[in-house]
file model36.csv (CSV, C-alpha atoms and all ligand atoms)
chain,number,residue,atom,x,y,z
A,1,MET,CA,49.2,116.7,121.0
A,2,ARG,CA,52.5,115.9,119.4
A,3,SER,CA,50.7,116.2,116.1
A,4,LEU,CA,49.3,119.6,116.9
A,5,VAL,CA,52.7,121.0,117.8
A,6,LYS,CA,54.1,119.6,114.6
A,7,LEU,CA,51.2,121.0,112.8
A,8,GLN,CA,52.0,124.5,114.0
A,9,TYR,CA,55.5,124.2,112.7
A,10,MET,CA,54.2,123.0,109.4
A,11,LEU,CA,51.8,125.9,109.1
A,12,ALA,CA,54.6,128.2,110.0
A,13,GLY,CA,56.5,126.8,107.0
A,14,VAL,CA,59.2,125.3,109.1
A,15,ALA,CA,58.6,121.6,108.2
A,16,ALA,CA,61.0,120.2,105.6
A,17,ALA,CA,58.6,118.2,103.5
A,18,ARG,CA,57.4,120.2,100.5
A,19,GLU,CA,56.4,117.5,98.1
A,20,CYS,CA,53.2,117.9,96.2
A,21,GLY,CA,51.2,114.7,95.5
A,22,VAL,CA,49.9,115.4,92.0
A,23,ALA,CA,51.5,118.2,89.9
A,24,THR,CA,50.0,120.0,87.0
A,25,TYR,CA,51.9,120.9,83.8
A,26,THR,CA,51.3,122.4,80.4
A,27,ALA,CA,52.0,120.2,77.4
A,28,GLU,CA,55.0,122.4,76.4
A,29,GLN,CA,56.7,121.6,79.7
A,30,VAL,CA,57.2,118.0,78.6
A,31,ILE,CA,60.4,119.4,77.0
A,32,PRO,CA,62.7,119.3,80.0
A,33,SER,CA,64.5,122.6,79.3
A,34,THR,CA,61.1,124.4,79.2
A,35,ALA,CA,60.1,122.9,82.5
A,36,ILE,CA,63.4,123.8,84.1
A,37,MET,CA,63.2,127.4,82.8
A,38,ASP,CA,59.8,127.6,84.5
A,39,GLY,CA,61.4,126.4,87.7
A,40,LEU,CA,59.8,122.9,87.6
A,41,THR,CA,61.0,119.3,87.7
A,42,PRO,CA,60.2,118.0,84.2
A,43,PRO,CA,56.9,116.1,84.3
A,44,VAL,CA,58.1,112.9,82.7
A,45,VAL,CA,61.7,111.5,83.0
A,46,VAL,CA,63.2,111.4,79.5
A,47,GLY,CA,64.6,107.9,78.7
A,48,ASP,CA,68.3,108.2,77.8
A,49,ALA,CA,71.6,106.4,78.1
A,50,SER,CA,71.8,107.3,81.8
A,51,ASN,CA,68.5,105.6,82.8
A,52,LEU,CA,67.6,103.1,80.0
A,53,LEU,CA,68.4,99.5,81.0
A,54,SER,CA,66.5,98.0,78.0
A,55,PRO,CA,68.5,96.7,75.1
A,56,PRO,CA,69.7,99.7,73.1
A,57,VAL,CA,68.5,98.0,69.9
A,58,LEU,CA,64.9,98.6,71.0
A,59,ASP,CA,65.6,102.4,70.9
A,60,LEU,CA,63.0,103.2,73.6
A,61,GLY,CA,64.5,106.6,74.6
A,62,GLY,CA,62.6,109.9,75.0
A,63,VAL,CA,59.0,110.4,76.1
A,64,TRP,CA,56.1,108.5,74.4
A,65,TRP,CA,52.5,109.6,73.7
A,66,ILE,CA,49.7,107.0,74.2
A,67,ARG,CA,47.9,108.1,71.1
A,68,TYR,CA,44.4,107.0,70.2
A,69,GLN,CA,44.0,109.4,67.3
A,70,PRO,CA,45.2,108.9,63.7
A,71,LEU,CA,47.5,111.7,62.5
A,72,ASP,CA,46.7,111.1,58.9
A,73,ASP,CA,44.8,108.7,56.6
A,74,SER,CA,47.8,106.3,56.4
A,75,GLU,CA,47.2,105.5,60.0
A,76,ARG,CA,43.5,104.6,59.7
A,77,GLY,CA,43.9,101.1,58.4
A,78,ASP,CA,42.6,98.3,60.6
A,79,LEU,CA,43.2,100.1,63.8
A,80,SER,CA,40.3,100.4,66.2
A,81,TRP,CA,40.0,104.3,66.1
A,82,GLU,CA,36.4,104.1,65.0
A,83,ASN,CA,35.3,101.7,67.7
A,84,PRO,CA,32.8,103.6,69.9
A,85,ALA,CA,34.3,102.2,73.1
A,86,VAL,CA,37.8,103.3,72.0
A,87,LYS,CA,36.5,106.7,71.0
A,88,LEU,CA,34.9,107.2,74.3
A,89,TYR,CA,38.0,106.2,76.1
A,90,ALA,CA,40.2,108.5,73.9
A,91,HIS,CA,37.7,111.3,74.5
A,92,GLY,CA,38.2,111.0,78.3
A,93,ALA,CA,42.0,111.7,77.8
A,94,PHE,CA,42.7,109.5,80.8
A,95,GLU,CA,46.4,109.0,80.1
A,96,GLU,CA,48.7,110.6,77.6
A,97,LEU,CA,52.5,110.0,78.2
A,98,MET,CA,54.9,107.4,79.4
A,99,THR,CA,58.6,106.7,79.5
A,100,PHE,CA,60.8,103.6,79.5
A,101,ALA,CA,63.3,105.3,81.8
A,102,ASP,CA,64.4,103.2,84.8
A,103,ALA,CA,62.5,100.1,83.5
A,104,SER,CA,64.4,97.0,84.6
A,105,SER,CA,65.7,94.6,82.0
A,106,ASN,CA,67.1,91.1,82.5
A,107,SER,CA,69.5,91.6,79.6
A,108,SER,CA,71.0,94.4,77.5
A,109,THR,CA,70.6,92.2,74.4
A,110,LEU,CA,67.6,90.3,73.0
A,111,PRO,CA,65.6,88.4,74.0
A,112,ALA,CA,64.9,90.5,77.1
A,113,GLU,CA,62.2,90.9,79.7
A,114,ILE,CA,61.5,94.4,80.8
A,115,GLY,CA,59.8,95.5,84.0
A,116,LEU,CA,58.1,98.9,83.7
A,117,ALA,CA,57.3,100.4,87.1
A,118,TYR,CA,54.9,102.8,85.3
A,119,ASN,CA,53.3,104.1,88.5
A,120,ARG,CA,56.5,105.7,89.9
A,121,MET,CA,56.6,109.4,90.2
A,122,HIS,CA,57.2,111.2,86.9
A,123,HIS,CA,56.9,108.1,84.8
A,124,TRP,CA,53.3,108.3,83.5
A,125,ALA,CA,51.2,111.4,82.7
A,126,TYR,CA,47.5,111.9,83.0
A,127,THR,CA,45.4,115.0,82.3
A,128,ASP,CA,43.1,117.4,84.0
A,129,THR,CA,39.9,116.0,82.4
A,130,PHE,CA,37.3,114.8,84.8
A,131,ASN,CA,38.0,111.1,83.8
A,132,SER,CA,41.6,111.5,84.5
A,133,TYR,CA,41.0,113.4,87.7
A,134,ALA,CA,38.7,110.7,89.0
A,135,GLY,CA,41.3,108.1,87.9
A,136,ARG,CA,43.9,109.8,90.1
A,137,ILE,CA,41.7,109.5,93.1
A,138,PHE,CA,40.9,105.9,92.4
A,139,ASN,CA,44.5,104.9,91.5
A,140,ALA,CA,46.5,107.1,93.8
A,141,ALA,CA,47.1,104.2,96.2
A,142,ASP,CA,48.2,101.7,93.5
A,143,GLU,CA,51.4,99.9,94.3
A,144,VAL,CA,54.2,102.3,93.3
A,145,ASP,CA,56.7,99.6,92.2
A,146,THR,CA,54.5,97.0,90.6
A,147,PRO,CA,55.8,96.6,87.0
A,148,ILE,CA,54.2,95.9,83.7
A,149,HIS,CA,56.2,92.9,82.2
A,150,MET,CA,57.2,93.1,78.6
A,151,THR,CA,59.1,90.5,76.7
A,152,PHE,CA,60.9,91.3,73.4
A,153,GLY,CA,61.9,88.4,71.3
A,154,ASN,CA,63.3,90.6,68.6
A,155,ALA,CA,63.7,94.3,67.8
A,156,THR,CA,60.2,94.7,66.4
A,157,HIS,CA,57.9,92.4,68.3
A,158,GLY,CA,57.1,92.3,72.0
A,159,MET,CA,54.5,91.0,74.2
A,160,LEU,CA,53.1,92.3,77.5
A,161,ARG,CA,51.9,90.2,80.3
A,162,ALA,CA,48.1,90.8,80.1
A,163,THR,CA,46.0,91.2,83.2
A,164,SER,CA,43.9,88.3,81.9
A,165,PRO,CA,45.9,85.4,80.6
A,166,ASP,CA,43.4,84.8,77.8
A,167,ASP,CA,44.0,88.2,76.3
A,168,GLN,CA,47.0,89.1,74.2
A,169,TRP,CA,48.8,92.4,74.6
A,170,LEU,CA,51.2,93.0,71.7
A,171,ILE,CA,53.7,95.7,70.9
A,172,THR,CA,54.9,96.0,67.3
A,173,LYS,CA,57.4,98.5,65.9
A,174,LEU,CA,56.0,100.5,63.0
A,175,ASP,CA,59.1,102.7,62.5
A,176,LYS,CA,61.7,104.5,64.5
A,177,ASP,CA,59.2,106.7,66.5
A,178,ARG,CA,56.0,104.6,66.5
A,179,TRP,CA,55.1,101.3,68.1
A,180,ARG,CA,51.6,99.9,67.8
A,181,ARG,CA,50.0,98.5,71.0
A,182,ASP,CA,47.3,96.0,70.3
A,183,THR,CA,45.1,94.4,72.9
A,184,VAL,CA,43.4,91.3,71.5
A,185,PHE,CA,40.6,90.1,73.7
A,186,ALA,CA,40.0,86.3,74.1
A,187,ALA,CA,37.9,84.9,71.3
A,188,ASP,CA,35.4,83.3,73.7
A,189,GLY,CA,35.3,86.3,76.0
A,190,PRO,CA,32.5,89.0,76.4
A,191,VAL,CA,33.9,91.1,73.5
A,192,GLY,CA,34.8,88.1,71.4
A,193,GLY,CA,38.2,88.6,69.9
A,194,ALA,CA,37.9,92.4,69.6
A,195,ARG,CA,41.1,94.3,69.2
A,196,VAL,CA,41.9,97.7,70.7
A,197,SER,CA,45.0,99.6,69.6
A,198,TYR,CA,46.9,102.7,70.1
A,199,ILE,CA,50.1,104.1,68.7
A,200,LEU,CA,52.9,104.8,71.1
A,201,THR,CA,54.5,107.8,69.5
A,202,ARG,CA,57.8,109.5,70.5
A,203,VAL,CA,57.2,113.2,71.2
A,204,VAL,CA,60.4,114.0,73.0
A,205,ARG,CA,63.7,112.6,71.7
A,206,GLU,CA,66.4,111.0,73.8
A,207,ASP,CA,68.4,114.3,73.9
A,208,GLY,CA,65.4,116.1,75.4
A,209,SER,CA,64.5,117.9,72.1
A,210,PRO,CA,61.0,118.0,70.7
A,211,HIS,CA,60.3,115.4,67.9
A,212,PRO,CA,60.1,117.5,64.7
A,213,THR,CA,56.6,116.5,63.9
A,214,TYR,CA,55.1,114.5,66.8
A,215,PHE,CA,55.7,117.1,69.5
A,216,GLU,CA,53.7,119.7,67.7
A,217,ALA,CA,50.9,117.2,67.0
A,218,PHE,CA,50.8,116.4,70.7
A,219,THR,CA,50.6,120.0,71.9
A,220,SER,CA,47.9,120.9,69.4
A,221,TYR,CA,46.0,117.8,70.4
A,222,MET,CA,46.3,118.8,74.0
A,223,GLY,CA,45.1,122.3,73.4
A,224,ALA,CA,44.2,123.9,76.7
A,225,ARG,CA,44.3,120.6,78.6
A,226,GLN,CA,47.0,120.2,81.2
A,227,LEU,CA,49.0,117.2,82.2
A,228,ARG,CA,48.9,115.7,85.7
A,229,VAL,CA,51.6,113.5,87.1
A,230,HIS,CA,52.4,111.8,90.4
A,231,ALA,CA,55.2,114.0,91.8
A,232,THR,CA,56.1,111.8,94.7
A,233,ASP,CA,56.2,108.1,95.6
A,234,ASN,CA,54.6,108.9,99.0
A,235,VAL,CA,51.2,107.3,98.6
A,236,CYS,CA,49.6,109.4,101.3
A,237,LEU,CA,50.6,112.7,99.6
A,238,ARG,CA,49.4,111.2,96.3
A,239,ARG,CA,46.0,110.4,97.7
A,240,CYS,CA,45.7,113.8,99.2
A,241,GLY,CA,47.0,115.6,96.1
A,242,ALA,CA,44.6,113.8,93.8
A,243,TRP,CA,41.6,115.6,95.3
A,244,ALA,CA,42.7,119.1,94.8
A,245,PRO,CA,46.0,119.0,92.8
A,246,GLU,CA,46.3,122.8,92.2
A,247,LEU,CA,45.5,123.8,95.7
A,248,THR,CA,47.7,121.2,97.4
A,249,CYS,CA,50.6,122.0,95.2
A,250,GLN,CA,50.4,125.6,96.1
A,251,VAL,CA,49.9,124.8,99.8
A,252,PRO,CA,51.8,121.5,100.3
A,253,GLN,CA,51.4,122.0,104.0
A,254,LEU,CA,47.7,120.9,103.6
A,255,CYS,CA,48.8,117.4,102.6
A,256,ASP,CA,51.7,117.3,105.1
A,257,MET,CA,49.1,118.0,107.8
A,258,TRP,CA,46.5,115.7,106.5
A,259,CYS,CA,49.0,112.8,106.2
A,260,GLU,CA,50.3,113.6,109.6
A,261,LEU,CA,46.8,113.4,111.2
A,262,SER,CA,45.5,110.5,109.2
A,263,GLY,CA,48.7,108.5,109.7
A,264,THR,CA,47.4,105.0,110.0
A,265,TRP,CA,44.8,105.4,107.3
A,266,CYS,CA,47.5,106.4,104.9
A,267,ALA,CA,50.1,103.8,105.9
B,301,LIG,C1,65.5,87.3,79.8
B,301,LIG,O1,64.1,86.9,79.6
B,301,LIG,C2,63.8,86.4,78.4
B,301,LIG,C3,62.2,86.3,78.3
B,301,LIG,O2,61.7,85.7,79.4
B,301,LIG,C4,64.4,85.0,78.3
B,301,LIG,O3,64.1,84.4,77.0
B,301,LIG,C5,65.9,85.2,78.4
B,301,LIG,O4,66.6,84.0,78.4
B,301,LIG,C6,66.3,86.0,79.6
B,301,LIG,N1,67.7,86.4,79.6
B,301,LIG,C7,68.5,86.2,80.7
B,301,LIG,C8,69.9,86.7,80.5
B,301,LIG,O5,68.1,85.7,81.7
B,302,LIG,C1,60.0,88.9,65.4
B,302,LIG,O1,59.1,88.1,66.2
B,302,LIG,C2,57.8,88.0,65.7
B,302,LIG,C3,56.9,87.3,66.7
B,302,LIG,O2,57.6,86.2,67.3
B,302,LIG,C4,57.9,87.3,64.4
B,302,LIG,O3,56.6,87.1,63.8
B,302,LIG,C5,58.7,88.1,63.4
B,302,LIG,O4,58.9,87.4,62.2
B,302,LIG,C6,60.1,88.3,64.0
B,302,LIG,N1,60.8,89.2,63.2
B,302,LIG,C7,62.1,89.0,62.8
B,302,LIG,C8,62.7,90.0,62.0
B,302,LIG,O5,62.7,88.0,63.2
call {"tool": "encode", "arguments": {"input": "model36.csv", "output": "structure tokens", "more": "lines below"}}
Ligand SMILES: *[C@@H]1O[C@H](CO)[C@@H](O)[C@H](O)[C@H]1NC(C)=O
Ligand SMILES: *[C@@H]1O[C@H](CO)[C@@H](O)[C@H](O)[C@H]1NC(C)=O
result
Amino acid sequence: MRSLVKLQYMLAGVAAARECGVATYTAEQVIPSTAIMDGLTPPVVVGDASNLLSPPVLDLGGVWWIRYQPLDDSERGDLSWENPAVKLYAHGAFEELMTFADASSNSSTLPAEIGLAYNRMHHWAYTDTFNSYAGRIFNAADEVDTPIHMTFGNATHGMLRATSPDDQWLITKLDKDRWRRDTVFAADGPVGGARVSYILTRVVREDGSPHPTYFEAFTSYMGARQLRVHATDNVCLRRCGAWAPELTCQVPQLCDMWCELSGTWCA
């Protein structure tokens, strides 16, 4: 009964909560000033001096593209772009952007261990492809604060804590705006020493401006695809929003109501 009364208030637009679980953005709105002009919270927090705790020498500011496509021949090399499994994954456009903003660090100098709570709202961007949509539904309830651990021994080489201790997850600086992320699978595992790589590429600079070449490359790669991000840390709203992101952002009362009624299931 209490729920029903509350529900009426919600439908009347009186309830305070107006968060939407999963928000949709155009690629252009990754530039914070563009999003703000459109009346939106920027999709991904830009890493800058106000929120970067990692050693400044690593220069991890801005917004980074999880890029599985070579931009020119110089990038083909021994990367795994042509591996059919990698191509399939890239084709699904599951995830596209990340930020190092707000990542914890045990030190402001090297060596340092960084804890990246990538699942927090506005810290990782997915897309509106079917793969990514299904992934939102599947992952919406993931622990919001569980970090990825990264250790940097020097300014060019780091190591992530792999989900399987036999695999190696490496991050290597290529130049100011590109880091290579290699995953090397265990030699005696099912894919016997295979390596899968992507290039983390800075598309927005620390001051919020578009990178002079990589931002354009990113928007043209995105084409008509849109970005999807978790716009709240409330797991129930995320779960709800994952099913119908556009609708539940336009009518956030739907998720308020659903979370209210399904309370224990969502807790
Ligand atoms: C931070 O972590 C790194 C890697 O584990 C370690 O080598 C370093 O001593 C730590 N620094 C501090 C100040 O605890
Ligand atoms: C940085 O660390 C890596 C891995 O430990 C090492 O191979 C590389 O030589 C180091 N680079 C410098 C400049 O010390």
call {"tool": "residues_around", "arguments": {"input": "model36.csv", "residues": "Pro70 of chain A", "least_positions_apart": "4", "cutoff": "12 Å", "atoms": "all atoms listed in the file", "output": "number ranges by chain"}}
result
A: 66, 74-82, 87, 90, 178, 180, 197-201, 214, 217-218, 221
call {"tool": "residues_around", "arguments": {"input": "model36.csv", "residues": "Ala103 of chain A", "least_positions_apart": "3", "cutoff": "10 Å", "atoms": "only C-alpha atoms", "output": "list in words"}}
result
Gly47, Asn51, Leu52, Leu53, Ser54, Thr99, Phe100, Glu113, Ile114, Gly115, Leu116, Ala117, Tyr118, His123, Pro147, Ile148 and His149 of chain A
call {"tool": "atom_distance", "arguments": {"input": "model36.csv", "atom1": "atom C5 of ligand LIG 302 (chain B)", "atom2": "atom CA of Asn154 of chain A"}}
result
7.4 Å
call {"tool": "closest_atom_pairs", "arguments": {"input": "model36.csv", "of": "chain A", "to": "ligand LIG 302 (chain B)", "cutoff": "6 Å", "atoms": "only C-alpha atoms and all ligand atoms", "output": "tab-separated table"}}
result
residue	atom	partner	partner_atom	distance
A:Gly153	CA	B:LIG302	O1	5.8
A:Asn154	CA	B:LIG302	C1	4.9
A:Thr156	CA	B:LIG302	C1	5.9
A:His157	CA	B:LIG302	O1	4.9
call {"tool": "closest_atom_pairs", "arguments": {"input": "model36.csv", "of": "chain A", "to": "ligand LIG 301 (chain B)", "cutoff": "7 Å", "atoms": "only C-alpha atoms and all ligand atoms", "output": "Markdown table"}}
result
| residue | atom | partner | partner_atom | distance |
| --- | --- | --- | --- | --- |
| A:Asn106 | CA | B:LIG301 | C1 | 4.9 |
| A:Ser107 | CA | B:LIG301 | C8 | 5.0 |
| A:Pro111 | CA | B:LIG301 | C2 | 5.2 |
| A:Ala112 | CA | B:LIG301 | C1 | 4.2 |
| A:Glu113 | CA | B:LIG301 | O1 | 4.4 |
| A:Thr151 | CA | B:LIG301 | C3 | 5.5 |
call {"tool": "atom_distance", "arguments": {"input": "model36.csv", "atom1": "atom CA of Leu174 of chain A", "atom2": "atom CA of Leu60 of chain A"}}
result
13.0 Å
call {"tool": "closest_atom_pairs", "arguments": {"input": "model36.csv", "of": "segment 120-161 of chain A", "to": "segment 20-26 of chain A", "cutoff": "9 Å", "atoms": "all atoms listed in the file", "output": "JSON lines"}}
result
{"residue": "A:Thr127", "atom": "CA", "partner": "A:Thr24", "partner_atom": "CA", "distance": 8.3}
{"residue": "A:Asp128", "atom": "CA", "partner": "A:Thr24", "partner_atom": "CA", "distance": 8.0}
{"residue": "A:Arg136", "atom": "CA", "partner": "A:Val22", "partner_atom": "CA", "distance": 8.4}
call {"tool": "atom_distance", "arguments": {"input": "model36.csv", "atom1": "atom CA of Arg67 of chain A", "atom2": "atom CA of Trp243 of chain A"}}
result
26.1 Å
call {"tool": "closest_residue", "arguments": {"input": "model36.csv", "among": "A:Leu58, A:Leu227, A:Val63, A:Val191", "to": "Phe152 of chain A", "atoms": "only C-alpha atoms"}}
result
A:Leu58
call {"tool": "residues_near_point", "arguments": {"input": "model36.csv", "point": "(58.6, 118.5, 78.9)", "cutoff": "12 Å", "atoms": "all atoms listed in the file", "output": "ChimeraX atom specification"}}
result
/A:24-38,40-46,62-65,97-99,122,125,203-211,215,218-219,226-227,229
call {"tool": "residues_around", "arguments": {"input": "model36.csv", "residues": "Tyr133 of chain A", "least_positions_apart": "3", "cutoff": "10 Å", "atoms": "all atoms listed in the file", "output": "list in words"}}
result
Phe94, Tyr126, Thr127, Asp128, Thr129, Phe130, Arg136, Ile137, Phe138, Asn139, Arg228, Ala242, Trp243, Ala244 and Pro245 of chain A
call {"tool": "closest_residue", "arguments": {"input": "model36.csv", "among": "A:Asp177, A:Asp167, A:Glu19, A:Asp233", "to": "Ala140 of chain A", "atoms": "only C-alpha atoms"}}
result
A:Asp233
call {"tool": "closest_residue", "arguments": {"input": "model36.csv", "among": "A:Asn119, A:Pro212, A:Cys259, A:Ile171", "to": "Asp142 of chain A", "atoms": "all atoms listed in the file"}}
result
A:Asn119
call {"tool": "closest_residue", "arguments": {"input": "model36.csv", "among": "A:Leu261, A:Leu110, A:Met121, A:Ala194", "to": "Asn83 of chain A", "atoms": "all atoms listed in the file"}}
result
A:Ala194
call {"tool": "build_atoms", "arguments": {"input": "model36.csv", "residues": "segment 229-249 of chain A", "atoms": "N, CA, C and O atoms", "output": "short mmCIF file (atom, residue, chain, number, x, y, z; two decimals), keeping the file's coordinate frame"}}
result
data_model
loop_
_atom_site.label_atom_id
_atom_site.label_comp_id
_atom_site.auth_asym_id
_atom_site.auth_seq_id
_atom_site.Cartn_x
_atom_site.Cartn_y
_atom_site.Cartn_z
N VAL A 229 50.74 114.63 86.84
CA VAL A 229 51.60 113.50 87.10
C VAL A 229 51.78 113.31 88.63
O VAL A 229 51.67 114.27 89.39
N HIS A 230 52.04 112.09 89.02
CA HIS A 230 52.40 111.80 90.40
C HIS A 230 53.79 112.41 90.62
O HIS A 230 54.73 112.02 89.94
N ALA A 231 53.89 113.33 91.57
CA ALA A 231 55.20 114.00 91.80
C ALA A 231 55.89 113.52 93.01
O ALA A 231 56.87 114.12 93.44
N THR A 232 55.40 112.44 93.59
CA THR A 232 56.10 111.80 94.70
C THR A 232 55.70 110.35 94.74
O THR A 232 54.70 109.95 94.13
N ASP A 233 56.50 109.55 95.42
CA ASP A 233 56.20 108.10 95.60
C ASP A 233 55.48 107.90 96.94
O ASP A 233 55.17 106.77 97.30
N ASN A 234 55.28 108.97 97.68
CA ASN A 234 54.60 108.90 99.00
C ASN A 234 53.08 108.73 98.69
O ASN A 234 52.43 109.66 98.18
N VAL A 235 52.56 107.57 99.00
CA VAL A 235 51.20 107.30 98.60
C VAL A 235 50.18 108.18 99.33
O VAL A 235 49.17 108.58 98.75
N CYS A 236 50.49 108.56 100.55
CA CYS A 236 49.60 109.40 101.30
C CYS A 236 49.50 110.81 100.59
O CYS A 236 48.41 111.35 100.39
N LEU A 237 50.64 111.35 100.23
CA LEU A 237 50.60 112.70 99.60
C LEU A 237 49.93 112.56 98.20
O LEU A 237 49.25 113.48 97.77
N ARG A 238 50.08 111.42 97.53
CA ARG A 238 49.40 111.20 96.30
C ARG A 238 47.88 111.24 96.44
O ARG A 238 47.13 111.86 95.70
N ARG A 239 47.45 110.49 97.46
CA ARG A 239 46.00 110.40 97.70
C ARG A 239 45.44 111.76 98.03
O ARG A 239 44.39 112.14 97.54
N CYS A 240 46.16 112.48 98.86
CA CYS A 240 45.70 113.80 99.20
C CYS A 240 45.70 114.73 98.02
O CYS A 240 44.70 115.38 97.72
N GLY A 241 46.81 114.74 97.28
CA GLY A 241 47.00 115.60 96.10
C GLY A 241 45.95 115.38 95.04
O GLY A 241 45.57 116.27 94.30
N ALA A 242 45.50 114.12 94.92
CA ALA A 242 44.60 113.80 93.80
C ALA A 242 43.26 114.55 93.95
O ALA A 242 42.64 114.83 92.94
N TRP A 243 42.85 114.90 95.17
CA TRP A 243 41.60 115.60 95.30
C TRP A 243 41.57 117.01 94.87
O TRP A 243 40.59 117.49 94.31
N ALA A 244 42.67 117.71 95.12
CA ALA A 244 42.70 119.10 94.80
C ALA A 244 44.17 119.46 94.34
O ALA A 244 44.92 120.11 95.06
N PRO A 245 44.55 118.95 93.16
CA PRO A 245 46.00 119.00 92.80
C PRO A 245 46.52 120.46 92.78
O PRO A 245 47.62 120.68 93.28
N GLU A 246 45.77 121.41 92.26
CA GLU A 246 46.30 122.80 92.20
C GLU A 246 46.52 123.34 93.57
O GLU A 246 47.59 123.84 93.91
N LEU A 247 45.48 123.22 94.38
CA LEU A 247 45.50 123.80 95.70
C LEU A 247 46.65 123.15 96.56
O LEU A 247 47.44 123.85 97.20
N THR A 248 46.69 121.82 96.54
CA THR A 248 47.70 121.20 97.40
C THR A 248 49.09 121.29 96.92
O THR A 248 50.03 121.08 97.67
N CYS A 249 49.27 121.66 95.64
CA CYS A 249 50.60 122.00 95.20
C CYS A 249 51.04 123.36 95.61
O CYS A 249 52.21 123.61 95.88
#
